[in-house]
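Listing of upload_0.txt, compact mmCIF, C-alpha atoms
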```
# COMPACT_ATOMS: atom_id res chain seq x y z
CA MET A 30 6.91 -37.43 58.14
CA ASN A 31 9.34 -35.38 60.20
CA GLU A 32 7.41 -32.82 62.25
CA LYS A 33 10.51 -30.62 62.48
CA ASN A 34 10.30 -30.17 58.75
CA MET A 35 7.42 -27.76 58.45
CA VAL A 36 6.37 -24.85 56.23
CA THR A 37 3.59 -22.45 57.20
CA ILE A 38 2.20 -20.03 54.64
CA VAL A 39 -0.23 -17.18 55.24
CA VAL A 40 -2.22 -16.84 52.04
CA PHE A 41 -3.31 -13.22 52.41
CA SER A 42 -3.58 -12.26 48.77
CA GLY A 43 -6.38 -13.61 46.63
CA ASP A 44 -4.63 -12.67 43.39
CA LEU A 45 -3.98 -15.32 40.76
CA ASP A 46 -0.26 -14.58 40.47
CA LYS A 47 0.43 -14.46 44.19
CA THR A 48 -1.67 -17.50 45.10
CA LEU A 49 0.06 -19.42 42.31
CA ALA A 50 3.37 -18.68 44.06
CA SER A 51 1.84 -19.85 47.37
CA PHE A 52 0.76 -23.14 45.83
CA VAL A 53 4.03 -23.76 43.97
CA ILE A 54 5.89 -23.45 47.28
CA ALA A 55 3.28 -25.48 49.19
CA THR A 56 3.17 -28.38 46.73
CA GLY A 57 6.94 -28.30 46.22
CA ALA A 58 7.53 -28.47 49.97
CA ALA A 59 5.00 -31.26 50.43
CA ALA A 60 6.66 -33.21 47.60
CA SER A 61 9.99 -32.73 49.40
CA GLY A 62 8.68 -34.47 52.48
CA MET A 63 7.73 -31.39 54.48
CA LYS A 64 4.54 -30.85 56.40
CA VAL A 65 2.75 -27.82 54.98
CA ASN A 66 0.11 -25.55 56.52
CA MET A 67 -1.71 -22.90 54.55
CA PHE A 68 -3.69 -20.23 56.39
CA PHE A 69 -6.20 -18.47 54.19
CA THR A 70 -7.01 -15.03 55.44
CA PHE A 71 -8.57 -11.85 54.08
CA TRP A 72 -8.56 -11.84 50.24
CA GLY A 73 -6.93 -15.25 50.30
CA LEU A 74 -10.07 -16.68 51.89
CA LYS A 75 -11.90 -16.08 48.61
CA LEU A 76 -9.85 -18.82 47.02
CA ILE A 77 -11.24 -21.53 49.27
CA GLN A 78 -14.83 -20.33 49.05
CA ARG A 79 -17.23 -22.21 46.83
CA GLU A 80 -17.93 -20.35 43.60
CA LYS A 81 -21.70 -20.47 43.75
CA ALA A 82 -22.06 -20.06 47.49
CA ARG A 83 -23.97 -16.91 48.32
CA PRO A 84 -25.56 -16.86 51.74
CA LYS A 85 -28.80 -14.89 51.74
CA GLU A 86 -28.73 -13.26 55.14
CA LEU A 87 -25.87 -10.82 54.38
CA ASP A 88 -26.25 -7.08 54.94
CA TRP A 89 -25.72 -4.73 51.99
CA MET A 90 -22.03 -4.07 52.67
CA ARG A 91 -21.12 -7.75 52.87
CA ARG A 92 -23.29 -8.43 49.87
CA MET A 93 -21.39 -5.77 47.94
CA PHE A 94 -18.01 -7.31 48.82
CA SER A 95 -19.27 -10.79 48.05
CA PHE A 96 -20.53 -9.54 44.67
CA MET A 97 -17.44 -7.49 43.79
CA VAL A 98 -14.83 -10.04 44.87
CA LYS A 99 -15.63 -13.35 43.21
CA ALA A 100 -15.01 -16.63 45.03
CA GLY A 101 -13.20 -19.76 43.91
CA PRO A 102 -9.83 -20.64 42.36
CA GLU A 103 -11.02 -19.93 38.83
CA LYS A 104 -12.16 -16.36 39.51
CA ARG A 105 -8.91 -14.83 40.77
CA PRO A 106 -7.75 -11.42 39.49
CA LEU A 107 -4.13 -10.52 38.67
CA SER A 108 -2.25 -8.17 41.02
CA LYS A 109 -1.05 -6.28 37.94
CA MET A 110 -2.50 -5.98 34.44
CA ASN A 111 -5.91 -7.19 35.56
CA MET A 112 -7.64 -5.00 32.93
CA PHE A 113 -11.17 -5.89 34.10
CA GLY A 114 -10.52 -9.59 33.78
CA ILE A 115 -8.75 -9.66 30.41
CA GLY A 116 -5.33 -10.03 32.11
CA PRO A 117 -6.22 -13.19 34.07
CA MET A 118 -7.90 -14.68 30.99
CA MET A 119 -4.71 -14.22 28.96
CA MET A 120 -2.50 -15.40 31.82
CA LYS A 121 -4.56 -18.58 32.24
CA LYS A 122 -4.27 -19.21 28.51
CA LEU A 123 -0.49 -18.76 28.66
CA MET A 124 -0.27 -21.05 31.71
CA LYS A 125 -2.26 -23.73 29.93
CA LYS A 126 -0.10 -23.37 26.83
CA SER A 127 3.02 -23.75 28.96
CA ASN A 128 1.61 -26.80 30.78
CA VAL A 129 1.54 -24.99 34.13
CA PRO A 130 -1.26 -26.37 36.30
CA SER A 131 -4.21 -24.09 37.06
CA LEU A 132 -4.95 -22.94 40.62
CA LYS A 133 -7.77 -25.47 40.78
CA GLU A 134 -5.39 -28.28 39.84
CA MET A 135 -2.77 -26.93 42.27
CA LEU A 136 -5.34 -27.00 45.04
CA ALA A 137 -6.16 -30.63 44.27
CA THR A 138 -2.45 -31.51 44.14
CA ALA A 139 -1.80 -29.76 47.45
CA LYS A 140 -4.68 -31.68 48.98
CA SER A 141 -3.48 -35.04 47.68
CA LEU A 142 0.01 -34.31 49.07
CA GLY A 143 -1.50 -33.75 52.52
CA VAL A 144 -1.24 -29.96 52.74
CA LYS A 145 -3.39 -28.68 55.62
CA LEU A 146 -5.80 -25.90 54.62
CA THR A 147 -7.05 -23.61 57.38
CA ALA A 148 -9.61 -20.84 57.01
CA CYS A 149 -9.25 -17.71 59.15
CA SER A 150 -12.27 -17.40 61.45
CA MET A 151 -11.94 -13.63 61.82
CA THR A 152 -12.12 -13.00 58.08
CA MET A 153 -15.06 -15.37 57.89
CA GLY A 154 -16.84 -13.30 60.53
CA VAL A 155 -16.05 -9.95 58.91
CA MET A 156 -17.09 -11.06 55.44
CA GLY A 157 -20.03 -13.14 56.58
CA VAL A 158 -18.58 -16.39 55.26
CA THR A 159 -19.95 -19.55 56.83
CA LYS A 160 -18.21 -22.93 57.02
CA GLU A 161 -20.82 -24.38 54.67
CA THR A 162 -19.77 -22.00 51.88
CA LEU A 163 -16.11 -23.13 52.00
CA ILE A 164 -14.82 -25.84 49.65
CA PRO A 165 -14.82 -29.32 51.26
CA GLU A 166 -11.00 -29.55 51.02
CA VAL A 167 -10.64 -27.11 53.94
CA ASN A 168 -9.41 -28.97 57.03
CA ASN A 169 -10.35 -26.53 59.76
CA VAL A 170 -11.34 -23.03 60.79
CA ALA A 171 -8.99 -21.35 63.27
CA GLY A 172 -7.44 -18.12 64.51
CA VAL A 173 -4.08 -16.51 65.14
CA ALA A 174 -3.07 -18.82 68.00
CA SER A 175 -3.25 -21.84 65.70
CA PHE A 176 -1.19 -20.03 63.07
CA LEU A 177 1.42 -19.02 65.66
CA ALA A 178 1.59 -22.53 67.09
CA ASP A 179 2.31 -23.92 63.62
CA ALA A 180 4.65 -21.03 62.67
CA LYS A 181 6.65 -21.52 65.86
CA ASP A 182 7.41 -25.11 64.90
CA SER A 183 8.12 -24.26 61.26
CA GLN A 184 11.52 -23.64 59.70
CA ILE A 185 9.91 -21.66 56.89
CA THR A 186 7.13 -19.12 57.37
CA LEU A 187 5.82 -17.03 54.51
CA PHE A 188 3.25 -14.28 54.12
CA ILE A 189 2.04 -14.01 50.55
CA MET B 105 22.96 -44.66 32.81
CA GLU B 106 20.72 -47.67 33.36
CA ALA B 107 17.55 -47.03 35.35
CA ASN B 108 14.84 -49.31 36.71
CA VAL B 109 12.02 -46.84 36.10
CA THR B 110 11.71 -43.84 33.77
CA LEU B 111 9.52 -40.82 34.45
CA ASP B 112 8.65 -38.55 31.54
CA CYS B 113 8.24 -34.91 32.62
CA LEU B 114 8.75 -33.34 29.20
CA GLY B 115 6.81 -30.11 28.75
CA LEU B 116 6.25 -29.66 32.48
CA TYR B 117 7.50 -26.73 34.52
CA CYS B 118 8.35 -26.39 38.18
CA PRO B 119 6.92 -27.69 40.53
CA MET B 120 5.52 -30.61 38.50
CA PRO B 121 8.77 -32.56 37.87
CA ILE B 122 9.56 -32.84 41.58
CA ILE B 123 5.94 -33.54 42.51
CA LYS B 124 5.85 -36.37 39.97
CA THR B 125 9.26 -37.57 41.17
CA ALA B 126 8.02 -37.67 44.75
CA GLU B 127 4.99 -39.73 43.68
CA LYS B 128 7.01 -42.08 41.46
CA ILE B 129 9.79 -42.79 43.93
CA LYS B 130 7.20 -44.38 46.25
CA GLU B 131 6.70 -47.14 43.66
CA LEU B 132 10.40 -48.09 43.66
CA THR B 133 12.10 -50.44 46.10
CA ILE B 134 15.27 -49.48 47.97
CA GLY B 135 18.32 -49.58 45.71
CA GLU B 136 16.41 -49.01 42.49
CA ILE B 137 17.22 -46.10 40.19
CA LEU B 138 14.69 -43.60 38.84
CA GLU B 139 15.35 -41.69 35.64
CA VAL B 140 13.51 -38.35 35.27
CA ILE B 141 13.41 -36.80 31.81
CA SER B 142 12.68 -33.06 31.80
CA ASP B 143 13.13 -30.06 29.53
CA ASP B 144 12.75 -27.57 32.40
CA VAL B 145 16.25 -26.21 33.01
CA GLY B 146 15.34 -25.74 36.70
CA ILE B 147 15.68 -29.51 37.17
CA VAL B 148 19.50 -29.20 37.12
CA GLU B 149 19.48 -27.41 40.48
CA ASP B 150 16.17 -28.74 41.78
CA MET B 151 16.79 -32.48 41.60
CA PRO B 152 19.95 -32.51 43.74
CA ASN B 153 18.23 -30.18 46.22
CA TRP B 154 15.12 -32.34 46.32
CA CYS B 155 17.33 -35.34 47.05
CA LYS B 156 19.06 -33.42 49.83
CA MET B 157 15.70 -32.67 51.47
CA THR B 158 14.20 -36.12 51.08
CA GLY B 159 17.35 -38.14 51.80
CA GLN B 160 17.45 -39.88 48.42
CA GLU B 161 20.74 -40.29 46.59
CA PHE B 162 21.32 -37.99 43.64
CA LEU B 163 23.45 -39.77 41.06
CA CYS B 164 23.87 -37.44 38.08
CA ILE B 165 22.26 -35.39 35.34
CA GLU B 166 22.89 -36.04 31.68
CA GLU B 167 22.20 -33.29 29.17
CA GLU B 168 21.02 -34.14 25.67
CA GLY B 169 20.23 -31.02 23.65
CA ASP B 170 17.22 -29.41 25.37
CA GLU B 171 16.53 -32.46 27.51
CA PHE B 172 17.87 -33.41 30.88
CA ARG B 173 17.98 -36.91 32.35
CA ALA B 174 18.29 -36.91 36.12
CA TYR B 175 19.11 -40.12 38.00
CA VAL B 176 18.02 -40.72 41.57
CA LYS B 177 18.70 -43.81 43.64
CA LYS B 178 16.09 -44.67 46.23
CA ILE B 179 17.88 -45.22 49.55
CA VAL B 180 15.18 -44.36 52.08
```

Will you turn the file into structure tokens for me?
Amino acid sequence: MNEKNMVTIVVFSGDLDKTLASFVIATGAAASGMKVNMFFTFWGLKLIQREKARPKELDWMRRMFSFMVKAGPEKRPLSKMNMFGIGPMMMKKLMKKSNVPSLKEMLATAKSLGVKLTACSMTMGVMGVTKETLIPEVNNVAGVASFLADAKDSQITLFI
Amino acid sequence: MEANVTLDCLGLYCPMPIIKTAEKIKELTIGEILEVISDDVGIVEDMPNWCKMTGQEFLCIEEEGDEFRAYVKKIV
């Protein structure tokens, strides 16, 4: 694989629609022979957190965030028309009807195509997320220097 | 056009046709031709661009009603 052919994506949003765009670009790039890095930060981190993982030693504020913002690829809200979860339900139904892969399937495809998944250590600290509560597909935990090092060598850098 | 291998992508939207193409082309030997059948209109622009990025040779696209048949020759 040509190292000069690299895409780096900051997955900031945890919304279903926006993360779907992130994964379409990531898998498409990987299938076109590019090396792809995805940095999951802030709300995006929720996507690579295990659904059932709920560490006990969180303070009340972190517990509130962890309760209000659900983890995992199947629990993502829509950036528009969320309607307390009815929007995503309908959107997922439409996606299935149109044969568009779900986020969970996209994640598996990205992984099998060799996309590197990095979790942001700062967000993990703020939200009280431990490495053990992340999905096993995550390659590493890192900070801004690692993102910049990858972004510097990339021809395409996106913030979604 | 005659192809060595046919890949059926009917009913699949972007990015699946190119992801499946990328997987399938690995099974071909140099010089062989892959036929990709798709009903996603995006394939018309996407297949030549995918070939440009991956270094494979784009041969042509044939349109038959709602279906497209894209032909790619494996050269790398």

Near chain A, 12 Å: chain B residue rows, closest pairs, all atoms listed in the file, as a Markdown table:
```
| residue | atom | partner | partner_atom | distance |
| --- | --- | --- | --- | --- |
| B:Cys113 | CA | A:Asn128 | CA | 10.6 |
| B:Leu114 | CA | A:Asn128 | CA | 9.8 |
| B:Gly115 | CA | A:Asn128 | CA | 6.5 |
| B:Leu116 | CA | A:Asn128 | CA | 5.7 |
| B:Tyr117 | CA | A:Val129 | CA | 6.2 |
| B:Cys118 | CA | A:Val53 | CA | 7.7 |
| B:Pro119 | CA | A:Gly57 | CA | 5.7 |
| B:Met120 | CA | A:Val129 | CA | 8.2 |
| B:Pro121 | CA | A:Gly57 | CA | 9.6 |
| B:Ile122 | CA | A:Ala60 | CA | 6.7 |
| B:Ile123 | CA | A:Ala60 | CA | 5.2 |
| B:Lys124 | CA | A:Ala60 | CA | 8.3 |
| B:Thr125 | CA | A:Ala60 | CA | 8.2 |
| B:Ala126 | CA | A:Ala60 | CA | 5.5 |
| B:Glu127 | CA | A:Ala60 | CA | 7.8 |
| B:Lys128 | CA | A:Ala60 | CA | 10.8 |
| B:Ile129 | CA | A:Ala60 | CA | 10.7 |
| B:Lys130 | CA | A:Ala60 | CA | 11.3 |
| B:Asp143 | CA | A:Ser127 | CA | 11.9 |
| B:Asp144 | CA | A:Ser127 | CA | 11.0 |
| B:Asp150 | CA | A:Gly57 | CA | 10.3 |
| B:Met151 | CA | A:Ser61 | CA | 10.4 |
| B:Pro152 | CA | A:Ser61 | CA | 11.5 |
| B:Asn153 | CA | A:Ser61 | CA | 9.2 |
| B:Trp154 | CA | A:Ser61 | CA | 6.0 |
| B:Cys155 | CA | A:Ser61 | CA | 8.1 |
| B:Lys156 | CA | A:Ser61 | CA | 9.1 |
| B:Met157 | CA | A:Ser61 | CA | 6.1 |
| B:Thr158 | CA | A:Ser61 | CA | 5.7 |
| B:Gly159 | CA | A:Gly62 | CA | 9.4 |
| B:Gln160 | CA | A:Ser61 | CA | 10.4 |
| B:Val180 | CA | A:Gly62 | CA | 11.8 |
```

Please compute the atom CA of Leu111 of chain B-atom CA of Ser51 of chain A distance, one decimal, in Å.
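Pair atom CA of Leu111 of chain B / atom CA of Ser51 of chain A returns 25.8 Å.
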
Who sits within 10 Å of Ile164 of chain A, only C-alpha atoms, same chain under 3 positions skipped, as a list in words
Leu76, Ile77, Gln78, Arg79, Glu80, Ala82, Gly101, Lys160, Glu161, Val167 and Asn168 of chain A

Å distance separating atom CA of Thr147 of chain A from atom CA of Val98 of chain A, one decimal place
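Taking atom CA of Thr147 of chain A and atom CA of Val98 of chain A, their separation equals 20.0 Å.
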
What does the distance between atom CA of Glu161 of chain B and atom CA of Thr37 of chain A come to in Å, to one decimal place?
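Between these atoms lies a distance of 26.9 Å.
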
Give me the residues near Ile165 of chain B as a PyMOL selection string, where near means some atom within 10 Å (using only C-alpha atoms) and where sequence neighbours in that chain fewer than 3 positions away do not count.
chain B and resi 105+139-141+147-149+151-152+162+168+172-176

Which residues come within 10 Å of Lys47 of chain A, counting all atoms listed in the file, excluding same-chain residues fewer than 6 positions away, as a list in words?
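So the residues in contact are Val40, Phe41, Val53, Gly73, Arg105, Pro106, Leu107, Ser108 and Ile189 of chain A.
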
Can you list, as a JSON list (two decimals) with C-alpha atoms, in the coordinates of the input, every protein, DNA or RNA residue that comes within 10 Å of Ser183 of chain A when you count all atoms listed in the file, leaving out same-chain residues fewer than 4 positions away?
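Everything below was put into around_8.json:
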```
[["chain", "number", "residue", "atom", "x", "y", "z"],
["A", 32, "GLU", "CA", 7.41, -32.82, 62.25],
["A", 33, "LYS", "CA", 10.51, -30.62, 62.48],
["A", 34, "ASN", "CA", 10.30, -30.17, 58.75],
["A", 35, "MET", "CA", 7.42, -27.76, 58.45],
["A", 36, "VAL", "CA", 6.37, -24.85, 56.23],
["A", 37, "THR", "CA", 3.59, -22.45, 57.20],
["A", 38, "ILE", "CA", 2.20, -20.03, 54.64],
["A", 63, "MET", "CA", 7.73, -31.39, 54.48],
["A", 64, "LYS", "CA", 4.54, -30.85, 56.40],
["A", 65, "VAL", "CA", 2.75, -27.82, 54.98],
["A", 66, "ASN", "CA", 0.11, -25.55, 56.52],
["A", 177, "LEU", "CA", 1.42, -19.02, 65.66],
["A", 178, "ALA", "CA", 1.59, -22.53, 67.09],
["A", 179, "ASP", "CA", 2.31, -23.92, 63.62]]
```

Write out as a PyMOL selection string each polymer residue whose atoms come within 10 Å of Leu132 of chain B, counting only C-alpha atoms; drop sequence neighbours fewer than 2 positions from it.
chain B and resi 108-109+127-130+134-138+177-179

Complete segment 159-172 of chain A with N, CA and C atoms (output as a tab-separated table (two decimals), in the frame of the given file).
```
chain	number	residue	atom	x	y	z
A	159	THR	N	-19.70	-18.43	55.92
A	159	THR	CA	-19.95	-19.55	56.83
A	159	THR	C	-19.15	-20.77	56.37
A	160	LYS	N	-18.98	-21.72	57.30
A	160	LYS	CA	-18.21	-22.93	57.02
A	160	LYS	C	-18.81	-23.70	55.84
A	161	GLU	N	-20.12	-23.63	55.73
A	161	GLU	CA	-20.82	-24.38	54.67
A	161	GLU	C	-20.49	-23.84	53.28
A	162	THR	N	-20.05	-22.57	53.21
A	162	THR	CA	-19.77	-22.00	51.88
A	162	THR	C	-18.30	-22.20	51.48
A	163	LEU	N	-17.51	-22.85	52.35
A	163	LEU	CA	-16.11	-23.13	52.00
A	163	LEU	C	-16.04	-24.44	51.21
A	164	ILE	N	-14.99	-24.59	50.41
A	164	ILE	CA	-14.82	-25.84	49.65
A	164	ILE	C	-14.54	-26.98	50.64
A	165	PRO	N	-14.95	-28.21	50.31
A	165	PRO	CA	-14.82	-29.32	51.26
A	165	PRO	C	-13.37	-29.69	51.58
A	166	GLU	N	-12.41	-29.21	50.77
A	166	GLU	CA	-11.00	-29.55	51.02
A	166	GLU	C	-10.44	-28.87	52.28
A	167	VAL	N	-11.13	-27.85	52.77
A	167	VAL	CA	-10.64	-27.11	53.94
A	167	VAL	C	-10.65	-28.02	55.16
A	168	ASN	N	-9.51	-28.08	55.88
A	168	ASN	CA	-9.41	-28.97	57.03
A	168	ASN	C	-10.05	-28.40	58.28
A	169	ASN	N	-9.79	-27.11	58.55
A	169	ASN	CA	-10.35	-26.53	59.76
A	169	ASN	C	-10.46	-25.01	59.69
A	170	VAL	N	-11.19	-24.47	60.65
A	170	VAL	CA	-11.34	-23.03	60.79
A	170	VAL	C	-10.63	-22.66	62.09
A	171	ALA	N	-9.75	-21.67	62.06
A	171	ALA	CA	-8.99	-21.35	63.27
A	171	ALA	C	-8.55	-19.89	63.27
A	172	GLY	N	-7.89	-19.50	64.35
A	172	GLY	CA	-7.44	-18.12	64.51
A	172	GLY	C	-5.94	-18.01	64.65
```
